[in-house]
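Pasting data-v5.txt here (compact mmCIF, C-alpha atoms):
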# COMPACT_ATOMS: atom_id res chain seq x y z
CA PRO A 91 0.00 0.00 0.00
CA ALA A 92 1.05 3.59 -0.67
CA ALA A 93 2.27 5.67 2.23
CA GLY A 94 -0.37 7.88 3.79
CA PRO A 95 0.25 11.56 4.56
CA SER A 96 0.92 10.89 8.24
CA ASP A 97 3.37 8.09 7.43
CA LEU A 98 5.95 10.57 6.11
CA SER A 99 7.44 12.43 9.01
CA ALA A 100 10.53 14.33 10.08
CA ARG A 101 11.61 16.38 13.05
CA VAL A 102 14.61 18.45 14.02
CA VAL A 103 16.71 16.67 16.66
CA CYS A 104 19.32 19.39 17.23
CA ALA A 105 21.02 22.38 15.68
CA LYS A 106 24.69 23.21 15.40
CA PRO A 107 25.88 26.75 16.26
CA LEU A 108 25.58 29.24 13.41
CA VAL A 109 28.81 29.97 11.57
CA MET A 110 28.83 33.50 10.17
CA GLY A 111 30.90 36.31 8.79
CA VAL A 112 32.66 38.57 11.29
CA GLU A 113 30.21 41.40 10.52
CA ALA A 114 27.30 39.47 12.05
CA THR A 115 26.40 38.85 15.68
CA GLN A 116 23.98 36.19 16.85
CA ASP A 117 21.11 36.87 19.22
CA GLN A 118 21.63 34.06 21.74
CA SER A 119 18.07 34.36 23.06
CA GLU A 120 16.65 33.18 19.72
CA GLY A 121 16.79 29.68 18.30
CA GLY A 122 15.51 26.22 19.01
CA ASP A 123 12.09 24.60 19.01
CA THR A 124 9.35 27.22 18.66
CA THR A 125 6.44 24.88 17.95
CA ALA A 126 4.36 26.25 20.84
CA LYS A 127 4.64 29.80 19.46
CA CYS A 128 3.86 28.89 15.85
CA GLY A 129 0.66 26.83 16.05
CA PHE A 130 -1.31 29.00 13.63
CA ILE A 131 1.43 29.02 11.00
CA LEU A 132 2.04 25.29 11.35
CA GLY A 133 -1.67 24.68 10.81
CA GLN A 134 -1.64 26.69 7.60
CA PHE A 135 1.30 24.74 6.17
CA ARG A 136 0.35 21.39 7.76
CA GLY A 137 3.63 21.24 9.64
CA ARG A 138 4.20 19.52 12.97
CA GLN A 139 7.26 21.33 14.31
CA ALA A 140 8.68 24.85 14.07
CA PHE A 141 12.38 25.35 14.61
CA ASN A 142 14.13 28.72 14.75
CA LEU A 143 17.61 28.43 13.22
CA GLY A 144 18.61 31.70 14.84
CA ARG A 145 18.66 35.46 14.48
CA VAL A 146 21.65 37.51 13.41
CA THR A 147 22.26 41.24 13.40
CA VAL A 148 24.33 42.92 10.71
CA PRO A 149 25.32 46.61 10.58
CA THR A 150 23.71 48.67 7.84
CA GLY A 151 26.02 49.74 5.05
CA VAL A 152 28.16 46.58 5.01
CA ASP A 153 29.62 45.97 1.55
CA GLY A 154 28.46 42.69 0.02
CA GLY A 155 26.50 39.87 1.59
CA VAL A 156 27.35 38.29 4.93
CA PRO A 157 27.59 34.47 4.88
CA VAL A 158 25.74 32.46 7.51
CA CYS A 159 25.80 28.67 7.68
CA ALA A 160 22.98 26.97 9.60
CA LYS A 161 23.07 23.23 10.31
CA VAL A 162 20.36 21.05 11.79
CA VAL A 163 20.11 17.31 12.30
CA VAL A 164 16.75 15.83 11.34
CA VAL A 165 15.40 12.35 11.89
CA ASN A 166 12.91 10.37 9.86
CA ASP A 167 10.49 9.66 12.71
CA GLY A 168 7.87 8.20 10.38
CA VAL A 169 7.12 4.62 9.46
CA VAL A 170 8.23 4.79 5.81
CA ALA A 171 11.30 6.06 3.98
CA TRP A 172 11.24 9.59 2.67
CA PRO A 173 10.90 9.55 -1.11
CA GLU A 174 13.69 10.67 -3.43
CA SER A 175 11.58 13.81 -3.98
CA ALA A 176 11.95 14.91 -0.32
CA ALA A 177 13.42 18.41 -0.13
CA LEU A 178 13.72 21.54 1.96
CA VAL A 179 11.96 24.37 0.10
CA CYS A 180 11.53 28.06 0.80
CA ILE A 181 7.86 28.79 1.43
CA VAL A 182 8.00 32.43 2.59
CA THR A 183 10.43 35.18 1.54
CA ASP A 184 13.52 33.89 -0.23
CA PHE A 185 15.61 36.70 1.18
CA PHE A 186 18.79 34.78 1.97
CA SER A 187 19.55 33.21 -1.45
CA PHE A 188 18.53 29.71 -0.37
CA LYS A 189 15.49 28.37 -2.23
CA HIS A 190 15.82 24.62 -2.24
CA LEU A 191 17.83 21.66 -0.96
CA PRO A 192 17.16 18.10 -2.16
CA LEU A 193 17.15 15.65 0.77
CA GLY A 194 16.38 12.39 -1.00
CA ALA A 195 15.41 9.09 0.57
CA VAL A 196 16.05 8.59 4.28
CA GLN A 197 14.97 5.40 6.05
CA PRO A 198 12.82 5.41 9.22
CA GLY A 199 14.99 6.07 12.28
CA GLU A 200 17.87 7.47 10.21
CA HIS A 201 19.29 10.95 10.74
CA ALA A 202 20.39 13.47 8.14
CA GLU A 203 22.36 16.70 8.50
CA VAL A 204 20.84 19.67 6.68
CA VAL A 205 23.36 22.38 5.79
CA MET A 206 21.98 25.74 4.73
CA ASP A 207 24.46 28.24 3.27
CA LEU A 208 22.65 31.56 3.57
CA THR A 209 23.66 35.05 2.51
CA VAL A 210 22.42 38.07 4.45
CA PRO A 211 22.30 40.84 1.85
CA PRO A 212 23.50 44.38 2.54
CA ARG A 213 20.96 47.04 3.46
CA SER A 214 21.25 50.78 3.93
CA GLU A 215 18.36 51.05 6.41
CA ALA A 216 17.62 49.33 9.71
CA GLY A 217 14.98 46.59 9.72
CA SER A 218 14.50 42.84 9.92
CA VAL A 219 13.20 40.00 7.79
CA CYS A 220 12.42 36.28 8.20
CA SER A 221 12.49 33.42 5.74
CA TRP A 222 10.75 30.09 6.26
CA TRP A 223 11.52 26.69 4.78
CA MET A 224 9.50 23.47 4.97
CA MET A 225 10.54 19.86 4.46
CA VAL A 226 8.17 18.47 1.84
CA ASP A 227 7.64 15.63 -0.58
CA GLN A 228 7.91 17.66 -3.80
CA SER A 229 5.92 15.13 -5.80
CA THR A 230 2.83 15.65 -3.60
CA ASN A 231 3.63 18.91 -1.76
CA LYS A 232 2.91 17.17 1.55
CA ALA A 233 4.85 18.42 4.54
CA LEU A 234 7.16 15.99 6.30
CA GLY A 235 6.94 18.03 9.46
CA PRO A 236 9.38 20.77 10.36
CA LEU A 237 9.18 24.42 9.47
CA LEU A 238 12.60 26.12 9.69
CA VAL A 239 12.82 29.87 10.38
CA PHE A 240 15.79 32.24 10.10
CA GLU A 241 15.77 35.96 10.88
CA ALA A 242 18.21 38.74 10.13
CA ALA A 243 18.18 42.29 11.43
CA TRP A 244 20.11 45.32 10.23
CA LYS A 245 21.13 47.90 12.78
CA GLU A 246 22.51 51.41 12.25
CA GLN A 247 26.21 51.55 13.11

Could you express the structure from this file as structure tokens?
Amino acid sequence: PAAGPSDLSARVVCAKPLVMGVEATQDQSEGGDTTAKCGFILGQFRGRQAFNLGRVTVPTGVDGGVPVCAKVVVVNDGVVAWPESAALVCIVTDFFSFKHLPLGAVQPGEHAEVVMDLTVPPRSEAGSVCSWWMMVDQSTNKALGPLLVFEAAWKEQ
């Protein structure tokens, strides 16, 4: 029998510290499982977990983009293997030049490291922006579970 929508599942087990350019600073109070805060959004996207990758602050007026590498470990906590069409896709605001990452097949109980090489673009004015990614089966658009969030802020020097 074909796998049902609840048979495909994933969750974030842990995150590695952000690695970023020297221009950026990380807000240590942000990051980690934010499922309890994101119930409405999860319902809209049919996700089961929200995970904040972190928040960085960059001075306004910096020349060029600032690199940020976010890494999370995910587990297939479902009862079937993820299909080859499993991927991490940007669902809201592709602001950090990271639209898509193929994940491929992962067996139940197996872990996978997801590496996201982001670029925080330069800005001349203070402000902040978030981007959201979801793990999905691209052939059906069904969510595997986690919603990943990353935020950047620009601050006047």

Proximity of segment 145-192 of chain A to segment 197-200 of chain A: per-residue shortest pair, 6 Å limit, only C-alpha atoms, as CSV:
residue,atom,partner,partner_atom,distance
A:Val165,CA,A:Glu200,CA,5.7
A:Asn166,CA,A:Pro198,CA,5.0
A:Asp167,CA,A:Gly199,CA,5.8
A:Gly168,CA,A:Pro198,CA,5.8
A:Val169,CA,A:Pro198,CA,5.8
A:Val170,CA,A:Pro198,CA,5.8
A:Ala171,CA,A:Gln197,CA,4.3

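Distances to Arg136 of chain A were evaluated for A:Ala216, A:Ala242, A:Ala233, A:Val102 using only C-alpha atoms, and the minimum falls at A:Ala233.
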
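Shortest separation to Val219 of chain A among A:Asp153, A:Asp207, A:Asp123, A:Glu241 occurs at residue A:Glu241, atoms counted being all atoms listed in the file.
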
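Between Gly155 of chain A and the residues A:Ser187, A:Met224, A:Phe240, A:Pro107, the shortest atom-to-atom distance, using all atoms listed in the file, involves A:Ser187.
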
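Nearest to Gly111 of chain A of all the residues A:Val196, A:Leu237, A:Val210, A:Ile181 is A:Val210, counting all atoms listed in the file.
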
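Counting from atom CA of His201 of chain A, the distance to atom CA of Gly121 of chain A is 20.4 Å.
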
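A straight line drawn from atom CA of Trp222 of chain A to atom CA of Leu238 of chain A is 5.6 Å long.
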
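Among A:Ala140, A:Thr230, A:Ser175, A:Val109, the residue with the shortest atom-to-atom distance to Thr209 of chain A, counting all atoms listed in the file, is A:Val109.
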
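Distances here use only C-alpha atoms; by that measure, the residue among A:Leu208, A:Ala105, A:Val158, A:Val163 closest to Asp184 of chain A is A:Leu208.
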
Pairwise distance for atom CA of Glu215 of chain A and atom CA of Phe188 of chain A, rounded to one decimal in Å: 22.4 Å

Val152 of chain A environment, 9 Å, all atoms listed in the file, sequence neighbours closer than 2 positions dropped, as a VMD selection string: chain A and resid 113 148 to 150 154 to 156 211 to 214

Requested write-out: C-alpha atoms of the selected residues, as an mmCIF file, keeping the file's coordinate frame:
data_model
loop_
_atom_site.group_PDB
_atom_site.id
_atom_site.type_symbol
_atom_site.label_atom_id
_atom_site.label_comp_id
_atom_site.auth_asym_id
_atom_site.auth_seq_id
_atom_site.Cartn_x
_atom_site.Cartn_y
_atom_site.Cartn_z
ATOM 1 C CA GLU A 113 30.210 41.400 10.520
ATOM 2 C CA VAL A 148 24.330 42.920 10.710
ATOM 3 C CA PRO A 149 25.320 46.610 10.580
ATOM 4 C CA THR A 150 23.710 48.670 7.840
ATOM 5 C CA GLY A 154 28.460 42.690 0.020
ATOM 6 C CA GLY A 155 26.500 39.870 1.590
ATOM 7 C CA VAL A 156 27.350 38.290 4.930
ATOM 8 C CA PRO A 211 22.300 40.840 1.850
ATOM 9 C CA PRO A 212 23.500 44.380 2.540
ATOM 10 C CA ARG A 213 20.960 47.040 3.460
ATOM 11 C CA SER A 214 21.250 50.780 3.930
#
